[in-house]
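All remarks here apply to the structure that follows.
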Amino acid sequence: MSVTRKMAMMMAVILIMGLLAACSQSGIGNNDNAVNPAASGTNAGDSPAGDKSVKVNMFAGTSSFNGSLDSNWFTEYAEENFNMDIEWSTVPNTDVATKQPLLLASGDYPSIFWAGSFNNEDLLKYGQQGVFVPLNELLQEHAPNVWNAIQDTPALEQGLFAPDGNIYGLPFYNYCLHCYYSSKLWVYKPLLEEHGLGIPTTTEDFEQMLEVFEENGILPLTGSTDGWNSDPTTFLMNAFVYNDGGNHLQINNGQVELAAIQDGWKKGLEYMNRLYTKGLISSSAFTQTNDVLSKQAVNHEVGVVPWGCMNCVVGSENMNDVINWVTIPPLKGPDGVQYAAFSGNGVSGAVFAITNKASEEEKIAIMKLLDFIWTTEGTTIADYGPEGEYWFKAKEGETGLVGTPAKFEIDIQPPTPFTWGWNQLGPIYQSEEWRNSIVAKSPFTPDGSGSEALLHYYTEKDYKGKQPAEVVPASMWIDPEQSQQYSLLKTNINNYVKQWSAEFIVGNKSVSKDWDAYVSGVQKLGLDEYLSITQSAMVSPFDTSSFKRDDAVIKSLEALE
């Protein structure tokens, strides 16, 4: 099997693992009837139309994995238990971006977008036009589980309310701690042991470790262009100034700044250029693809690898090697800076919206379905179908990722097409509670089957809590009239920063000679306007204080057998 194919298979597994999480207070482990919607407070037969099924027209972008939604077990379950008759209108995921605006412009659009793709500007635009119906009252009256989840989840509470106070759409929400800290560096532990090295804690230690690798014929540090945070520069820059790995923005006393023109960014470039000049960062780190990186890791040709998950790199046939790779915590720079890049800064946009074509019966019916799905039980059934097929109740004494009693175990390798559940299609609420209720296997199992727990373990131990106290939120409410200009400014500035940073690192540009020209170039691209729009569109900075290291969780994972 080719490395590319192994990577594809492994990423499919990791995606499913990474997109697990939970919902309301209803618990699978405490519910004797795991397929009874009434357990969540939703009365399955309580339809506004009495015994007559409510016809519900729904649009969805799907993939080959979803198969036919008409014959899907959960479609039939929803129709039977919520007195609905769902009429699906589906298009391939790849066509959603072009199909949606055409439908909305034509006036011949569906009652409900179940699995669409809308950014905040779309929600404002169609909400202000009256095309999208405000959801606030519907949620409070007919979907209290959803409404309460929004109030209790900071990422949702801050991200969903438009400036006019309305909610015009719902996202697919997934709590994924290791995803929030996916700018990780992994080092091959046997190399450390062979050369008597410890895990580096400072930029100086790190440089010395790479030098030892290079002196002994090991490729010290590399990366790739098409991986999940496989660019090493994000991790390294965070020892000098905060780098979010995307928009290069930071918060300073409540004000948005471009980190990429701060003095710390300059020092970070100088450091990385020194590593590159010494041959400690591979020249191919910025040009090669993941299949090459994977071979280097599997063959133990490289000492340090940047990636969101090491099991994604080594592939399914080499899972027994996962436990030989350990994370390097954020490095402390010469000025004491030591950040972890953080992407748990909320939600933006929506996959779900109700249009003005929906009847009152349709609105109420879909709210009742949502109210069930946004429970721990409902999330699991909507994703994976009935108990006993691809999920099972946890056994007595089994614990989840944070040491609390587990509620269920999931088979993470469903077939394609998957005919039992909608599996993360549409506005699913996979919350922190739900993810932490999944049975956890030992992180250090030799066969790598505990890789989900391993990712959680290293994230909790080495990264959680090392992000800035405040970051720029994911959800920005840009005035629709400014959205096109803002998008252009954002794209041009980020591309410019990425291009020049690479040139500085490899030495095509001199930090000492060309820095002022670089900063001037950023400013000429409209930096002041970009920051001004961002500041005004930001309701408030995202408070990260709830993300703190928990030693009890670390100990519980270490104790798993």
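Chain labels A, B, ... are given in the sequence in which chains occur in the structure tokens; within each chain residues are numbered consecutively from 1, and ligands are likewise numbered from 1 in the order shown.
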Review point. Among segment 222-315 of chain A, which ones does DSSP place in alpha helix (DSSP H), written as a PyMOL selection string?
Key: chain A and resi 232-237+263-277+290-298+310-314
Tell me, counting only C-alpha atoms, for each residue of segment 97-147 of chain A within 10 Å of segment 370-392 of chain A, which pair of atoms is nearest and how far apart they are in Å to one decimal, in rows ordered by chain and increasing number, as a Markdown table.
```
| residue | atom | partner | partner_atom | distance |
| --- | --- | --- | --- | --- |
| A:Leu139 | CA | A:Asp371 | CA | 8.4 |
| A:His142 | CA | A:Asp371 | CA | 7.4 |
| A:Ala143 | CA | A:Asp371 | CA | 4.5 |
| A:Pro144 | CA | A:Asp371 | CA | 6.6 |
| A:Asn145 | CA | A:Asp371 | CA | 5.4 |
| A:Val146 | CA | A:Asp371 | CA | 5.8 |
| A:Trp147 | CA | A:Asp371 | CA | 8.8 |
```
Exercise for review: Kindly indicate which residue among A:Tyr109, A:Ile438, A:Gly246, A:Phe240 lies nearest to Trp265 of chain A, using only C-alpha atoms for the distances.
Suggested key: A:Phe240
Practice item. List every residue of segment 195-274 of chain A that DSSP, applied to the backbone, labels as strand (DSSP E), and write the result as a list in words. Key: Leu219, Pro220, Leu221, Leu249, Gln250, Ile251, Asn252, Gln255, Val256, Glu257 and Leu258 of chain A
Just to be explicit: take each residue in the selection above, keep N, CA and C atoms, and write the result as a short mmCIF file (atom, residue, chain, number, x, y, z; two decimals), in the first residue's frame.
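The resulting file, selection-v7.cif, is reproduced below:
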```
data_model
loop_
_atom_site.label_atom_id
_atom_site.label_comp_id
_atom_site.auth_asym_id
_atom_site.auth_seq_id
_atom_site.Cartn_x
_atom_site.Cartn_y
_atom_site.Cartn_z
N LEU A 219 18.48 13.85 9.79
CA LEU A 219 17.84 15.08 9.35
C LEU A 219 17.20 15.71 10.58
N PRO A 220 17.65 16.90 11.01
CA PRO A 220 17.18 17.43 12.30
C PRO A 220 15.69 17.77 12.33
N LEU A 221 15.25 18.64 11.43
CA LEU A 221 13.88 19.15 11.46
C LEU A 221 13.41 19.40 10.05
N LEU A 249 -2.58 37.50 13.87
CA LEU A 249 -3.13 38.58 14.69
C LEU A 249 -2.98 38.26 16.17
N GLN A 250 -2.84 39.29 16.99
CA GLN A 250 -2.80 39.12 18.42
C GLN A 250 -3.54 40.27 19.09
N ILE A 251 -3.86 40.09 20.38
CA ILE A 251 -4.54 41.11 21.16
C ILE A 251 -3.54 41.74 22.13
N ASN A 252 -3.48 43.06 22.15
CA ASN A 252 -2.61 43.79 23.08
C ASN A 252 -3.45 44.87 23.75
N GLN A 255 -6.61 45.65 21.97
CA GLN A 255 -6.49 46.13 20.60
C GLN A 255 -5.88 45.04 19.70
N VAL A 256 -6.40 44.94 18.50
CA VAL A 256 -5.90 43.97 17.54
C VAL A 256 -4.62 44.49 16.90
N GLU A 257 -3.60 43.64 16.87
CA GLU A 257 -2.33 43.98 16.24
C GLU A 257 -1.94 42.90 15.24
N LEU A 258 -1.15 43.27 14.26
CA LEU A 258 -0.54 42.29 13.37
C LEU A 258 0.78 41.86 14.00
#
```
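One finds atom CA of Phe235 of chain A at 5.9 Å from atom CA of Ser183 of chain A.
Here atom CA of Phe342 of chain A and atom CA of Asp244 of chain A stand 6.2 Å from one another.
The interatomic distance for the pair atom CA of Phe504 of chain A and atom CA of Met272 of chain A works out to 8.7 Å.
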Check your understanding: If we count only C-alpha atoms, what is near Asp528 of chain A at a cut-off of 12 Å, once residues fewer than 3 positions away on the same chain are taken out, given as number ranges by chain?
Key -> A: 256-258, 486, 489-490, 493, 520, 522-525, 531-535
Take the residues from that selection and write them out as a PDB file, in the first residue's frame, keeping C-alpha atoms.
```pdb
ATOM      1  CA  VAL A 256      -5.899  43.969  17.536  1.00  0.00           C
ATOM      2  CA  GLU A 257      -2.333  43.979  16.241  1.00  0.00           C
ATOM      3  CA  LEU A 258      -0.539  42.285  13.374  1.00  0.00           C
ATOM      4  CA  TYR A 486     -12.012  43.015   3.913  1.00  0.00           C
ATOM      5  CA  LEU A 489      -7.125  42.995   2.437  1.00  0.00           C
ATOM      6  CA  LYS A 490      -6.892  39.848   4.548  1.00  0.00           C
ATOM      7  CA  ILE A 493      -1.652  40.781   3.777  1.00  0.00           C
ATOM      8  CA  SER A 520       6.442  49.318   4.755  1.00  0.00           C
ATOM      9  CA  VAL A 522       2.579  45.440   4.708  1.00  0.00           C
ATOM     10  CA  GLN A 523       1.353  48.916   5.568  1.00  0.00           C
ATOM     11  CA  LYS A 524       0.914  49.846   1.902  1.00  0.00           C
ATOM     12  CA  LEU A 525      -1.397  46.847   1.475  1.00  0.00           C
ATOM     13  CA  LEU A 531      -7.008  46.255  11.571  1.00  0.00           C
ATOM     14  CA  SER A 532      -9.721  48.907  11.925  1.00  0.00           C
ATOM     15  CA  ILE A 533     -12.384  46.709  10.337  1.00  0.00           C
ATOM     16  CA  THR A 534     -11.237  43.735  12.416  1.00  0.00           C
ATOM     17  CA  GLN A 535     -11.405  45.739  15.632  1.00  0.00           C
TER      18      GLN A 535
END
```
Practice item. For each of A:Gly344, A:Val96, A:Asn216, A:Val439, take the minimum atom-to-atom distance to Glu194 of chain A, counting only C-alpha atoms, then give the residue where this is smallest. Key: A:Asn216
Sorted by chain and rising residue number, list the residues of segment 518-549 of chain A at most 12 Å from segment 442-460 of chain A (counting only C-alpha atoms), each with its closest atom pair and distance in Å to one decimal, as a Markdown table.
```
| residue | atom | partner | partner_atom | distance |
| --- | --- | --- | --- | --- |
| A:Phe547 | CA | A:Glu460 | CA | 9.4 |
| A:Lys548 | CA | A:Glu460 | CA | 8.3 |
| A:Arg549 | CA | A:Glu460 | CA | 5.7 |
```
